[in-house]
Amino acid sequence: MAKTIAEGFFNDPRLEKAKKLIQEALTEHQTHINGVKPANPELKESYDTLLKKVAGFRGGALFYNYLGTGIGNGPFVELADGSVKYDFITGIGVHYMGHSHHGVIEAQINGAISNTVMNGHLQQNVDTAQLLEIFSHEACKYGAGIKNVFLSTSGAMANENAFKIIFQRRSPASRFFAFEKCFAGRTLGMAWVTDKAAYRAGLPKTIDVDYIPFYDANNHQGSIDAAVKVMKKYITRFPGHHAGFIMELIQGENGSWVGHTEFFEALIAVCKESNISVMVDEVQTFARTSELFAFQHFKLDKHVDVVTVGKNSQVCATLFTDDHKPKPGLMSQTFTGSAAQIAASHYVISSVVKGGYLGENGKIEKLHNRFKQNLEKISKKNPEKLSGPYGIGAMVAMTVFAGDEPKSKAFTMKLFENGVLSFMASGHPTTRVRFLMPVMATEEKHIDEVCEIIEKTLAEI
Ligand SMILES: Cc1ncc(COP(=O)(O)O)c(C=O)c1O
């Protein structure tokens, strides 16, 4: 006998039957999406009209002529012009599971048939409890103390919450450290953390940030010494004024620049001496290295005070130690996420944890190696056209045409036309082209084919 009405409802055999029918229909239709396909000329006019309409309503054209139909198959996505493309950027690192993933769809159906669209901080369903538990449990696996989890609806908001927690804990300190060329989001606060002038042009100043140069693998000790020196100089200039240090351990938006444990440890030592909180922004790195969290990959568990996640996690979150618990009143928001989103988030995270993705021999590492080997081969044949690859795990980048920005843009556009979605990381010190592949849906054969398309596209430019 069911103890709650819900138990009876969610286990009703009619629901099982309905879900089975949906999955059957999906399988039947998505089997037709099994490779790159050009656009259907008959749809050109209606597609162009639709793109213009969207551009008009949003006040500017889309970066790519991308409007999806709502169906895909693993790494393949169908667009409304009838074309099928390899999605190797996944909405800048969101569709970790690929397109129309059956497990994720089932999780979402379970969420969608629950009582509300959105869960909020005042009223949460039991699914939220499960999600909080998996975040907290996995984050503390190797001894980190960041067991508290506050859900939010964007990476920037997760970062805002992290900053609020740290500023309150270190009050009245009012400055922050960040790495040069970092990306932290686009709220008014984060626009002043993100190290890009264009992203805050015309905005009033919100946070005083002092920038530290990032790790340089070509100058290991030199870059460590330089960063520590700059940090100490700022601390001397503004004694007691720094509340925290936001660290992206692998700089994603800047083009997948990878840090180093010794580099981070040296800076963290200065933080600890000076009562500066250590915050790790994992909005892009979550579930993309050999460990679920990049701070675990770099073995920084004992040092982190606050961590933020987003993108792959489907629901964003701020994790923090007991020592950094905010006082009542500091944090609340209406939404934690939709019921479908929360169920999908739990599904994705538990799949990654259970499913052979992590570790030195996990899927993430295997996909990385295959991608790296293929790109190295292309680079050997075309040294003037492609260099790299760079990155780590499921963050892969390369330089085309020596990082020339207009040529890199022309390349990504042509690559899109030829059937592969990538994205640019502009400018510092050279433009890179990067990939955030759908790890759960990608196989080595897909990477081989994507690389064939990359080589073909290079030849065409
Ligand atoms: C490292 C990092 N932090 C924060 C953000 C902001 O996340 P969102 O776009 O969900 O606000 C991003 C987004 O790209 C990111 O890469």
# chains A, B, ... in the order shown; residues from 1 in each chain; ligands from 1
call {"tool": "select_by_dssp", "arguments": {"residues": "region 105-315 of chain A", "states": "helix (DSSP H, G or I)", "output": "count of residues only"}}
result
85
call {"tool": "residues_near_ligand", "arguments": {"ligand": "ligand 1", "cutoff": "7 Å", "atoms": "only C-alpha atoms and all ligand atoms", "output": "ChimeraX atom specification"}}
result
/A:92,154-157,159,183-186,248,251-253,281-284,310-311
call {"tool": "residues_around", "arguments": {"residues": "Leu122 (chain A)", "least_positions_apart": "6", "cutoff": "12 Å", "atoms": "only C-alpha atoms", "output": "tab-separated table (two decimals) with C-alpha atoms, in the first residue's frame"}}
result
chain	number	residue	atom	x	y	z
A	128	THR	CA	15.81	18.48	-4.44
A	331	MET	CA	20.65	34.50	0.46
A	332	SER	CA	17.40	33.47	-1.07
A	333	GLN	CA	15.89	33.32	-4.52
A	334	THR	CA	12.52	32.35	-5.91
A	335	PHE	CA	13.71	29.55	-8.17
A	336	THR	CA	16.04	26.62	-7.61
call {"tool": "closest_residue", "arguments": {"among": "A:Asp323, A:Asp81, A:Glu24, A:Glu45", "to": "Glu106 (chain A)", "atoms": "only C-alpha atoms"}}
result
A:Glu24
call {"tool": "select_by_dssp", "arguments": {"residues": "region 108-183 of chain A", "states": "strand (DSSP E)", "output": "number ranges by chain"}}
result
A: 118-120, 148-152, 175-179
call {"tool": "residues_around", "arguments": {"residues": "region 403-416 of chain A", "least_positions_apart": "5", "cutoff": "9 Å", "atoms": "only C-alpha atoms", "output": "CSV table (one decimal) with C-alpha atoms, in the first residue's frame"}}
result
chain,number,residue,atom,x,y,z
A,64,TYR,CA,25.3,30.8,-35.6
A,65,ASN,CA,22.3,30.3,-37.9
A,85,LYS,CA,25.2,18.7,-37.3
A,86,TYR,CA,27.7,17.3,-34.8
A,386,LEU,CA,46.6,24.2,-37.0
A,387,SER,CA,48.5,24.1,-33.8
A,398,MET,CA,43.3,24.4,-30.9
A,421,LEU,CA,29.6,23.1,-34.0
A,422,SER,CA,32.6,24.6,-32.2
A,423,PHE,CA,33.2,28.1,-30.7
A,424,MET,CA,35.9,30.7,-30.5
A,426,SER,CA,38.9,35.4,-28.6
A,427,GLY,CA,42.1,37.0,-28.3
A,429,PRO,CA,47.1,35.9,-26.5
A,430,THR,CA,45.7,34.4,-29.6
A,431,THR,CA,42.3,33.3,-30.6
A,432,ARG,CA,41.6,29.6,-30.1
A,433,VAL,CA,38.8,27.4,-31.4
A,453,ILE,CA,35.5,17.5,-41.1
A,454,ILE,CA,38.0,19.8,-39.4
A,456,LYS,CA,38.4,19.2,-44.8
A,457,THR,CA,37.4,22.7,-43.6
A,458,LEU,CA,41.0,23.8,-43.1
A,460,GLU,CA,38.7,24.9,-47.9
A,461,ILE,CA,39.9,28.1,-46.2
call {"tool": "residues_around", "arguments": {"residues": "Ala107 (chain A)", "least_positions_apart": "5", "cutoff": "10 Å", "atoms": "only C-alpha atoms", "output": "PDB file with N, CA, C and O atoms, in the first residue's frame"}}
result
ATOM      1  N   HIS A 102      17.788   9.209 -23.848  1.00  0.00           N
ATOM      2  CA  HIS A 102      16.601   8.544 -23.292  1.00  0.00           C
ATOM      3  C   HIS A 102      16.522   8.621 -21.769  1.00  0.00           C
ATOM      4  O   HIS A 102      15.449   8.837 -21.207  1.00  0.00           O
ATOM      5  N   ALA A 112       8.437  16.547 -15.116  1.00  0.00           N
ATOM      6  CA  ALA A 112       7.373  17.310 -15.791  1.00  0.00           C
ATOM      7  C   ALA A 112       5.982  16.923 -15.316  1.00  0.00           C
ATOM      8  O   ALA A 112       5.064  17.745 -15.339  1.00  0.00           O
ATOM      9  N   ALA A 339      11.309  21.350 -12.060  1.00  0.00           N
ATOM     10  CA  ALA A 339      11.278  19.973 -11.553  1.00  0.00           C
ATOM     11  C   ALA A 339      11.987  19.044 -12.545  1.00  0.00           C
ATOM     12  O   ALA A 339      12.735  18.139 -12.150  1.00  0.00           O
ATOM     13  N   ALA A 340      11.775  19.291 -13.845  1.00  0.00           N
ATOM     14  CA  ALA A 340      12.405  18.449 -14.861  1.00  0.00           C
ATOM     15  C   ALA A 340      13.925  18.623 -14.831  1.00  0.00           C
ATOM     16  O   ALA A 340      14.688  17.662 -14.968  1.00  0.00           O
ATOM     17  N   GLN A 341      14.341  19.859 -14.627  1.00  0.00           N
ATOM     18  CA  GLN A 341      15.775  20.183 -14.576  1.00  0.00           C
ATOM     19  C   GLN A 341      16.441  19.492 -13.378  1.00  0.00           C
ATOM     20  O   GLN A 341      17.532  18.921 -13.504  1.00  0.00           O
ATOM     21  N   ILE A 342      15.775  19.541 -12.250  1.00  0.00           N
ATOM     22  CA  ILE A 342      16.341  18.942 -11.032  1.00  0.00           C
ATOM     23  C   ILE A 342      16.466  17.424 -11.200  1.00  0.00           C
ATOM     24  O   ILE A 342      17.498  16.828 -10.868  1.00  0.00           O
ATOM     25  N   ALA A 343      15.458  16.820 -11.792  1.00  0.00           N
ATOM     26  CA  ALA A 343      15.515  15.373 -12.017  1.00  0.00           C
ATOM     27  C   ALA A 343      16.622  15.049 -13.020  1.00  0.00           C
ATOM     28  O   ALA A 343      17.379  14.087 -12.842  1.00  0.00           O
ATOM     29  N   ALA A 344      16.746  15.876 -14.069  1.00  0.00           N
ATOM     30  CA  ALA A 344      17.791  15.642 -15.077  1.00  0.00           C
ATOM     31  C   ALA A 344      19.176  15.826 -14.463  1.00  0.00           C
ATOM     32  O   ALA A 344      20.111  15.076 -14.758  1.00  0.00           O
ATOM     33  N   SER A 345      19.308  16.826 -13.602  1.00  0.00           N
ATOM     34  CA  SER A 345      20.595  17.091 -12.964  1.00  0.00           C
ATOM     35  C   SER A 345      21.040  15.876 -12.156  1.00  0.00           C
ATOM     36  O   SER A 345      22.186  15.416 -12.268  1.00  0.00           O
ATOM     37  N   HIS A 346      20.116  15.323 -11.382  1.00  0.00           N
ATOM     38  CA  HIS A 346      20.460  14.151 -10.572  1.00  0.00           C
ATOM     39  C   HIS A 346      20.852  12.984 -11.476  1.00  0.00           C
ATOM     40  O   HIS A 346      21.817  12.263 -11.218  1.00  0.00           O
ATOM     41  N   TYR A 347      20.104  12.816 -12.551  1.00  0.00           N
ATOM     42  CA  TYR A 347      20.398  11.712 -13.479  1.00  0.00           C
ATOM     43  C   TYR A 347      21.810  11.860 -14.054  1.00  0.00           C
ATOM     44  O   TYR A 347      22.595  10.914 -14.072  1.00  0.00           O
ATOM     45  N   VAL A 348      22.130  13.071 -14.528  1.00  0.00           N
ATOM     46  CA  VAL A 348      23.428  13.290 -15.180  1.00  0.00           C
ATOM     47  C   VAL A 348      24.569  13.070 -14.176  1.00  0.00           C
ATOM     48  O   VAL A 348      25.520  12.331 -14.449  1.00  0.00           O
TER      49      VAL A 348
END
call {"tool": "residues_around", "arguments": {"residues": "His446 (chain A)", "least_positions_apart": "6", "cutoff": "10 Å", "atoms": "only C-alpha atoms", "output": "VMD selection string"}}
result
chain A and resid 35 75 to 76 86 88 367 371 452
call {"tool": "residues_around", "arguments": {"residues": "Lys19 (chain A)", "least_positions_apart": "4", "cutoff": "10 Å", "atoms": "only C-alpha atoms", "output": "list of chain:residue names"}}
result
A:Pro13, A:Arg14, A:Leu15, A:Gln23, A:Glu24, A:Ala25, A:Ile105, A:Glu106, A:Ile109, A:Asn110
call {"tool": "write_last_selection", "arguments": {"atoms": "N, CA, C and O atoms", "output": "mmCIF file, in the first residue's frame"}}
result
data_model
loop_
_atom_site.group_PDB
_atom_site.id
_atom_site.type_symbol
_atom_site.label_atom_id
_atom_site.label_comp_id
_atom_site.auth_asym_id
_atom_site.auth_seq_id
_atom_site.Cartn_x
_atom_site.Cartn_y
_atom_site.Cartn_z
ATOM 1 N N PRO A 13 0.995 1.950 -13.328
ATOM 2 C CA PRO A 13 1.433 1.254 -14.560
ATOM 3 C C PRO A 13 1.084 2.018 -15.834
ATOM 4 O O PRO A 13 1.756 1.878 -16.847
ATOM 5 N N ARG A 14 0.054 2.867 -15.766
ATOM 6 C CA ARG A 14 -0.289 3.635 -16.981
ATOM 7 C C ARG A 14 0.826 4.616 -17.336
ATOM 8 O O ARG A 14 1.101 4.893 -18.494
ATOM 9 N N LEU A 15 1.472 5.146 -16.293
ATOM 10 C CA LEU A 15 2.590 6.064 -16.563
ATOM 11 C C LEU A 15 3.749 5.303 -17.206
ATOM 12 O O LEU A 15 4.376 5.783 -18.145
ATOM 13 N N GLN A 23 9.282 6.743 -25.387
ATOM 14 C CA GLN A 23 10.655 6.309 -25.709
ATOM 15 C C GLN A 23 10.674 5.562 -27.046
ATOM 16 O O GLN A 23 11.583 5.739 -27.857
ATOM 17 N N GLU A 24 9.646 4.746 -27.275
ATOM 18 C CA GLU A 24 9.585 4.003 -28.549
ATOM 19 C C GLU A 24 9.487 4.968 -29.725
ATOM 20 O O GLU A 24 10.175 4.835 -30.723
ATOM 21 N N ALA A 25 8.609 5.958 -29.572
ATOM 22 C CA ALA A 25 8.427 6.941 -30.652
ATOM 23 C C ALA A 25 9.730 7.696 -30.891
ATOM 24 O O ALA A 25 10.138 7.903 -32.036
ATOM 25 N N ILE A 105 15.607 12.116 -20.787
ATOM 26 C CA ILE A 105 14.197 12.398 -21.113
ATOM 27 C C ILE A 105 13.281 11.735 -20.091
ATOM 28 O O ILE A 105 12.329 12.348 -19.602
ATOM 29 N N GLU A 106 13.609 10.510 -19.704
ATOM 30 C CA GLU A 106 12.771 9.848 -18.692
ATOM 31 C C GLU A 106 12.788 10.637 -17.371
ATOM 32 O O GLU A 106 11.748 10.849 -16.743
ATOM 33 N N ILE A 109 10.641 13.611 -17.788
ATOM 34 C CA ILE A 109 9.197 13.303 -17.767
ATOM 35 C C ILE A 109 8.749 13.182 -16.314
ATOM 36 O O ILE A 109 7.715 13.726 -15.913
ATOM 37 N N ASN A 110 9.539 12.482 -15.517
ATOM 38 C CA ASN A 110 9.180 12.335 -14.094
ATOM 39 C C ASN A 110 9.045 13.698 -13.426
ATOM 40 O O ASN A 110 8.149 13.912 -12.606
#
call {"tool": "atom_distance", "arguments": {"atom1": "CA of Trp192 (chain A)", "atom2": "CA of Ala317 (chain A)"}}
result
20.7 Å
call {"tool": "closest_residue", "arguments": {"among": "A:Ala178, A:Ala217, A:Val94, A:Ile207", "to": "Val315 (chain A)", "atoms": "only C-alpha atoms"}}
result
A:Val94
call {"tool": "closest_residue", "arguments": {"among": "A:Ala394, A:Val306, A:Ala294, A:Val439", "to": "Lys147 (chain A)", "atoms": "only C-alpha atoms"}}
result
A:Val306
call {"tool": "atom_distance", "arguments": {"atom1": "CA of His324 (chain A)", "atom2": "CA of Arg175 (chain A)"}}
result
17.1 Å
call {"tool": "closest_residue", "arguments": {"among": "A:Tyr211, A:His95, A:Gly255, A:Lys299", "to": "Tyr142 (chain A)", "atoms": "only C-alpha atoms"}}
result
A:Lys299
call {"tool": "decode", "arguments": {"residues": "region 177-193 of chain A", "atoms": "all heavy atoms", "output": "mmCIF file, in the first residue's frame"}}
result
data_model
loop_
_atom_site.group_PDB
_atom_site.id
_atom_site.type_symbol
_atom_site.label_atom_id
_atom_site.label_comp_id
_atom_site.auth_asym_id
_atom_site.auth_seq_id
_atom_site.Cartn_x
_atom_site.Cartn_y
_atom_site.Cartn_z
ATOM 1 N N PHE A 177 40.501 38.903 -5.442
ATOM 2 C CA PHE A 177 41.507 38.518 -6.429
ATOM 3 C C PHE A 177 40.844 37.659 -7.499
ATOM 4 O O PHE A 177 39.937 36.865 -7.199
ATOM 5 C CB PHE A 177 42.629 37.680 -5.783
ATOM 6 C CG PHE A 177 43.654 38.493 -5.056
ATOM 7 C CD1 PHE A 177 43.825 38.362 -3.684
ATOM 8 C CD2 PHE A 177 44.464 39.390 -5.758
ATOM 9 C CE1 PHE A 177 44.786 39.109 -3.010
ATOM 10 C CE2 PHE A 177 45.431 40.134 -5.081
ATOM 11 C CZ PHE A 177 45.590 40.001 -3.713
ATOM 12 N N ALA A 178 41.322 37.814 -8.725
ATOM 13 C CA ALA A 178 40.879 36.939 -9.822
ATOM 14 C C ALA A 178 42.053 36.773 -10.767
ATOM 15 O O ALA A 178 43.023 37.541 -10.709
ATOM 16 C CB ALA A 178 39.695 37.560 -10.550
ATOM 17 N N PHE A 179 41.960 35.783 -11.654
ATOM 18 C CA PHE A 179 43.028 35.607 -12.645
ATOM 19 C C PHE A 179 42.791 36.503 -13.853
ATOM 20 O O PHE A 179 41.647 36.722 -14.253
ATOM 21 C CB PHE A 179 43.100 34.154 -13.113
ATOM 22 C CG PHE A 179 43.714 33.229 -12.109
ATOM 23 C CD1 PHE A 179 43.022 32.120 -11.646
ATOM 24 C CD2 PHE A 179 44.997 33.466 -11.628
ATOM 25 C CE1 PHE A 179 43.587 31.268 -10.707
ATOM 26 C CE2 PHE A 179 45.574 32.621 -10.691
ATOM 27 C CZ PHE A 179 44.867 31.523 -10.226
ATOM 28 N N GLU A 180 43.882 36.963 -14.411
ATOM 29 C CA GLU A 180 43.790 37.697 -15.676
ATOM 30 C C GLU A 180 43.071 36.804 -16.687
ATOM 31 O O GLU A 180 43.281 35.589 -16.706
ATOM 32 C CB GLU A 180 45.195 38.027 -16.201
ATOM 33 C CG GLU A 180 45.871 39.142 -15.433
ATOM 34 C CD GLU A 180 47.304 39.391 -15.891
ATOM 35 O OE1 GLU A 180 47.765 38.736 -16.849
ATOM 36 O OE2 GLU A 180 47.969 40.235 -15.263
ATOM 37 N N LYS A 181 42.266 37.426 -17.510
ATOM 38 C CA LYS A 181 41.544 36.765 -18.613
ATOM 39 C C LYS A 181 40.493 35.755 -18.153
ATOM 40 O O LYS A 181 40.094 34.864 -18.890
ATOM 41 C CB LYS A 181 42.526 36.086 -19.570
ATOM 42 C CG LYS A 181 43.500 37.056 -20.201
ATOM 43 C CD LYS A 181 44.757 36.359 -20.627
ATOM 44 C CE LYS A 181 45.858 37.366 -20.840
ATOM 45 N NZ LYS A 181 47.174 36.760 -20.914
ATOM 46 N N CYS A 182 40.066 35.883 -16.895
ATOM 47 C CA CYS A 182 39.050 34.946 -16.399
ATOM 48 C C CYS A 182 37.661 35.347 -16.914
ATOM 49 O O CYS A 182 37.441 36.485 -17.340
ATOM 50 C CB CYS A 182 39.030 34.932 -14.879
ATOM 51 S SG CYS A 182 38.358 36.442 -14.146
ATOM 52 N N PHE A 183 36.745 34.404 -16.835
ATOM 53 C CA PHE A 183 35.337 34.679 -17.132
ATOM 54 C C PHE A 183 34.518 34.203 -15.939
ATOM 55 O O PHE A 183 34.667 33.066 -15.505
ATOM 56 C CB PHE A 183 34.884 33.954 -18.400
ATOM 57 C CG PHE A 183 33.467 34.288 -18.784
ATOM 58 C CD1 PHE A 183 33.200 35.400 -19.578
ATOM 59 C CD2 PHE A 183 32.406 33.523 -18.331
ATOM 60 C CE1 PHE A 183 31.888 35.737 -19.911
ATOM 61 C CE2 PHE A 183 31.094 33.851 -18.660
ATOM 62 C CZ PHE A 183 30.838 34.964 -19.454
ATOM 63 N N ALA A 184 33.660 35.084 -15.412
ATOM 64 C CA ALA A 184 32.897 34.720 -14.214
ATOM 65 C C ALA A 184 31.399 34.921 -14.396
ATOM 66 O O ALA A 184 30.628 34.684 -13.460
ATOM 67 C CB ALA A 184 33.384 35.539 -13.020
ATOM 68 N N GLY A 185 30.974 35.380 -15.573
ATOM 69 C CA GLY A 185 29.544 35.591 -15.796
ATOM 70 C C GLY A 185 29.240 37.039 -16.132
ATOM 71 O O GLY A 185 30.147 37.873 -16.202
ATOM 72 N N ARG A 186 27.949 37.321 -16.300
ATOM 73 C CA ARG A 186 27.568 38.608 -16.882
ATOM 74 C C ARG A 186 26.616 39.435 -16.032
ATOM 75 O O ARG A 186 25.975 40.349 -16.542
ATOM 76 C CB ARG A 186 26.967 38.366 -18.270
ATOM 77 C CG ARG A 186 28.006 37.881 -19.273
ATOM 78 C CD ARG A 186 27.343 37.528 -20.583
ATOM 79 N NE ARG A 186 28.299 37.065 -21.568
ATOM 80 C CZ ARG A 186 29.030 37.859 -22.353
ATOM 81 N NH1 ARG A 186 28.917 39.164 -22.258
ATOM 82 N NH2 ARG A 186 29.860 37.341 -23.234
ATOM 83 N N THR A 187 26.465 39.111 -14.763
ATOM 84 C CA THR A 187 25.681 40.009 -13.906
ATOM 85 C C THR A 187 26.511 41.279 -13.694
ATOM 86 O O THR A 187 27.701 41.314 -14.019
ATOM 87 C CB THR A 187 25.417 39.358 -12.542
ATOM 88 O OG1 THR A 187 26.672 38.956 -12.009
ATOM 89 C CG2 THR A 187 24.489 38.162 -12.640
ATOM 90 N N LEU A 188 25.866 42.269 -13.091
ATOM 91 C CA LEU A 188 26.579 43.530 -12.863
ATOM 92 C C LEU A 188 27.826 43.302 -11.997
ATOM 93 O O LEU A 188 28.878 43.906 -12.220
ATOM 94 C CB LEU A 188 25.607 44.498 -12.176
ATOM 95 C CG LEU A 188 25.841 45.995 -12.318
ATOM 96 C CD1 LEU A 188 26.238 46.391 -13.720
ATOM 97 C CD2 LEU A 188 24.576 46.740 -11.905
ATOM 98 N N GLY A 189 27.694 42.410 -11.033
ATOM 99 C CA GLY A 189 28.853 42.088 -10.191
ATOM 100 C C GLY A 189 29.914 41.343 -10.987
ATOM 101 O O GLY A 189 31.095 41.722 -11.005
ATOM 102 N N MET A 190 29.500 40.278 -11.654
ATOM 103 C CA MET A 190 30.481 39.419 -12.340
ATOM 104 C C MET A 190 31.110 40.103 -13.559
ATOM 105 O O MET A 190 32.207 39.751 -13.984
ATOM 106 C CB MET A 190 29.833 38.084 -12.747
ATOM 107 C CG MET A 190 29.511 37.197 -11.580
ATOM 108 S SD MET A 190 30.922 36.967 -10.458
ATOM 109 C CE MET A 190 30.311 37.752 -8.969
ATOM 110 N N ALA A 191 30.405 41.097 -14.119
ATOM 111 C CA ALA A 191 30.982 41.841 -15.248
ATOM 112 C C ALA A 191 32.266 42.545 -14.818
ATOM 113 O O ALA A 191 33.151 42.798 -15.642
ATOM 114 C CB ALA A 191 29.976 42.849 -15.779
ATOM 115 N N TRP A 192 32.389 42.851 -13.519
ATOM 116 C CA TRP A 192 33.596 43.506 -13.009
ATOM 117 C C TRP A 192 34.654 42.512 -12.559
ATOM 118 O O TRP A 192 35.757 42.909 -12.186
ATOM 119 C CB TRP A 192 33.247 44.503 -11.891
ATOM 120 C CG TRP A 192 32.724 45.741 -12.528
ATOM 121 C CD1 TRP A 192 31.425 46.047 -12.765
ATOM 122 C CD2 TRP A 192 33.498 46.798 -13.105
ATOM 123 N NE1 TRP A 192 31.329 47.232 -13.451
ATOM 124 C CE2 TRP A 192 32.598 47.716 -13.664
ATOM 125 C CE3 TRP A 192 34.870 47.062 -13.208
ATOM 126 C CZ2 TRP A 192 33.001 48.885 -14.313
ATOM 127 C CZ3 TRP A 192 35.280 48.218 -13.852
ATOM 128 C CH2 TRP A 192 34.352 49.109 -14.395
ATOM 129 N N VAL A 193 34.286 41.239 -12.575
ATOM 130 C CA VAL A 193 35.265 40.190 -12.257
ATOM 131 C C VAL A 193 35.827 39.644 -13.567
ATOM 132 O O VAL A 193 37.045 39.502 -13.721
ATOM 133 C CB VAL A 193 34.601 39.065 -11.419
ATOM 134 C CG1 VAL A 193 35.608 37.961 -11.123
ATOM 135 C CG2 VAL A 193 34.030 39.647 -10.129
#
